Amino acid sequence: MSSPKSTQSPTQFSERQLTFGEAIKEAIAEEMRRDKRVFIIGEDVAEAGTPFKVLLGLVDEFGTERVIDSPISEAGIAGLGVGAAITGMRPIVDIMFGDFTTLTMDQMVNQAAKTHYMSGGKLKVPLVLRTTMGATRRSAAQHSQSLHAWLSHIPGLKVAVPATPYDAKGLWKTAIRDDNPIAIFEDKMMYTLKGSVPEGEYTIPFGVADIKREGTDITLVGTSSMVHIALEAADALAELGISAEVVDPRTTVPLDKQALVDSAKKTSRAIIIDEGYEQYGATAEIASVIADGAFYYLDAPVKRMGAMNVPIPFSPVLEDVTVPTAAQVIELAKDLCGKR
């Protein structure tokens, strides 16, 4: 199914500084005002505004019939969302922690992703699953995982992993208007991150990567919070005489393969950085795309950096070493560029 066209033209608008969380809330509120079919359902989304307070105040404007506190049943919430979407509504299903998307798998994988195809195109499921990702919050093994690769594996689903307030708002507005089921993973450690967001109307199309920093010596592909790790590493590498290009796919499905390949062709080296588990993770898919499309341009193997293949520890000292850091990116980039 096709996606909405972009109305992105940010240069014509004045900009403000919003946090990542504020940009998400603004996008949802604007779409709820624009389309009466949009509603949100989840645990503690109304009066509490979610545990991270991102949606605080929405219930005051839209009421409890459109901002709905649900029982603690992720499978039930997702099932209600699928049914509502099939019958003409545009639900946002809020799953408090990304770890709990495991409880929605039958509804998302076997129902939402397949209904359009199994009905011969007669039905559609315009549902957005909203959830979190990201470690280093001291929340231990069941509240700290980044499981976006799981849903990226399923045909029929789209997946977004925004890294900035600007991208978050634009991708959210596109997602709500899309007729496909979509999952948006928000890094819970970035809700207070500030960035420029245009005041006017704009959307960002899925499947269009963003070059966050131009470079010539090595490509750093980062997803979600790892975009900021890549940018931090690029700043340090510049002082060592290494020019790093930072690419943010923004969506893992659809994936902007051409942008990834073009960047790797230009720089001849690439590191993929993702906070999901490295084992069978998003880094493998992106690395494969680059290896296939830019093979004859590469001066070094494509390298991957993901979360350590262990349950995420509660201990701060242990947890901090399970996810990629800028220092690790710098060291690997130096190796690939022969700058030891």
# chains A, B, ... in the order shown; residues from 1 in each chain; ligands from 1
$ select_by_dssp --residues "segment 84-230 of chain A" --states "strand (DSSP E)" --output "number ranges by chain"
A: 90-94, 128-133, 158-160, 182-187, 194-198, 210-213, 218-222
$ residues_around --residues "segment 293-304 of chain A" --least-positions-apart "3" --cutoff "12 Å" --atoms "only C-alpha atoms" --output "ChimeraX atom specification"
/A:217-222,257-290,307-308,324,328-329,332-338
$ residues_around --residues "Glu15 of chain A" --least-positions-apart "3" --cutoff "6 Å" --atoms "only C-alpha atoms" --output "number ranges by chain"
A: 196-199
$ select_by_dssp --residues "segment 12-147 of chain A" --states "helix (DSSP H, G or I)" --output "number ranges by chain"
A: 12, 20-34, 58-62, 74-86, 98-112, 115-118
$ residues_around --residues "Ile242 of chain A" --least-positions-apart "2" --cutoff "10 Å" --atoms "only C-alpha atoms" --output "PDB file with C-alpha atoms, in the first residue's frame"
ATOM      1  CA  GLY A 215      31.896  13.148   5.361  1.00  0.00           C
ATOM      2  CA  THR A 216      34.375  11.517   3.012  1.00  0.00           C
ATOM      3  CA  ASP A 217      36.422   8.873   4.867  1.00  0.00           C
ATOM      4  CA  ILE A 218      33.915   6.608   6.610  1.00  0.00           C
ATOM      5  CA  ALA A 234      32.309  12.022  14.188  1.00  0.00           C
ATOM      6  CA  ASP A 235      33.219  15.188  16.094  1.00  0.00           C
ATOM      7  CA  ALA A 236      36.128  13.414  17.780  1.00  0.00           C
ATOM      8  CA  LEU A 237      37.248  11.716  14.568  1.00  0.00           C
ATOM      9  CA  ALA A 238      37.395  15.078  12.807  1.00  0.00           C
ATOM     10  CA  GLU A 239      40.064  16.159  15.294  1.00  0.00           C
ATOM     11  CA  LEU A 240      42.072  13.101  14.242  1.00  0.00           C
ATOM     12  CA  ALA A 244      32.923  10.732   9.055  1.00  0.00           C
ATOM     13  CA  GLU A 245      29.543  10.841   7.337  1.00  0.00           C
ATOM     14  CA  ILE A 330      36.048   6.010  17.441  1.00  0.00           C
ATOM     15  CA  ALA A 333      36.786   3.838  12.855  1.00  0.00           C
ATOM     16  CA  LYS A 334      40.468   4.465  13.469  1.00  0.00           C
ATOM     17  CA  CYS A 337      40.869   4.085   8.353  1.00  0.00           C
ATOM     18  CA  LYS A 339      44.865   5.789  11.763  1.00  0.00           C
TER      19      LYS A 339
END
$ residues_around --residues "Pro71 of chain A" --least-positions-apart "5" --cutoff "12 Å" --atoms "only C-alpha atoms" --output "PyMOL selection string"
chain A and resi 41-45+76-78+80+94-95
$ atom_distance --atom1 "atom CA of Leu58 of chain A" --atom2 "atom CA of Ile28 of chain A"
9.0 Å
$ atom_distance --atom1 "atom CA of Asp256 of chain A" --atom2 "atom CA of Glu201 of chain A"
23.7 Å
$ residues_around --residues "Arg90 of chain A" --least-positions-apart "5" --cutoff "9 Å" --atoms "only C-alpha atoms" --output "ChimeraX atom specification"
/A:35-40,81,84-85,125-128,176-177,179
$ closest_atom_pairs --of "segment 282-316 of chain A" --to "segment 134-154 of chain A" --cutoff "7 Å" --atoms "only C-alpha atoms" --output "Markdown table"
| residue | atom | partner | partner_atom | distance |
| --- | --- | --- | --- | --- |
| A:Ala282 | CA | A:Ala149 | CA | 5.4 |
| A:Pro311 | CA | A:Ala141 | CA | 5.4 |
| A:Ile312 | CA | A:Ala141 | CA | 4.5 |
| A:Pro313 | CA | A:Ala140 | CA | 5.3 |
| A:Phe314 | CA | A:Ala140 | CA | 4.2 |
| A:Pro316 | CA | A:Arg138 | CA | 6.4 |
$ write_last_selection --atoms "N, CA, C and O atoms" --output "PDB file, in the first residue's frame"
ATOM      1  N   ALA A 282      19.279  -5.470  13.488  1.00  0.00           N
ATOM      2  CA  ALA A 282      19.145  -4.505  12.398  1.00  0.00           C
ATOM      3  C   ALA A 282      20.494  -4.207  11.741  1.00  0.00           C
ATOM      4  O   ALA A 282      20.549  -3.921  10.544  1.00  0.00           O
ATOM      5  N   PRO A 311      21.191 -10.706  28.478  1.00  0.00           N
ATOM      6  CA  PRO A 311      20.103  -9.941  29.101  1.00  0.00           C
ATOM      7  C   PRO A 311      20.678  -8.677  29.738  1.00  0.00           C
ATOM      8  O   PRO A 311      21.731  -8.712  30.376  1.00  0.00           O
ATOM      9  N   ILE A 312      19.995  -7.563  29.566  1.00  0.00           N
ATOM     10  CA  ILE A 312      20.528  -6.280  30.027  1.00  0.00           C
ATOM     11  C   ILE A 312      20.561  -6.237  31.548  1.00  0.00           C
ATOM     12  O   ILE A 312      19.531  -6.422  32.210  1.00  0.00           O
ATOM     13  N   PRO A 313      21.737  -6.000  32.148  1.00  0.00           N
ATOM     14  CA  PRO A 313      21.861  -6.040  33.613  1.00  0.00           C
ATOM     15  C   PRO A 313      21.225  -4.826  34.283  1.00  0.00           C
ATOM     16  O   PRO A 313      21.060  -3.771  33.676  1.00  0.00           O
ATOM     17  N   PHE A 314      20.892  -4.996  35.564  1.00  0.00           N
ATOM     18  CA  PHE A 314      20.424  -3.867  36.375  1.00  0.00           C
ATOM     19  C   PHE A 314      21.595  -3.026  36.873  1.00  0.00           C
ATOM     20  O   PHE A 314      21.492  -1.809  37.003  1.00  0.00           O
ATOM     21  N   PRO A 316      24.454  -0.621  37.131  1.00  0.00           N
ATOM     22  CA  PRO A 316      24.889   0.451  36.233  1.00  0.00           C
ATOM     23  C   PRO A 316      26.224   0.166  35.553  1.00  0.00           C
ATOM     24  O   PRO A 316      26.384   0.415  34.360  1.00  0.00           O
TER      25      PRO A 316
END
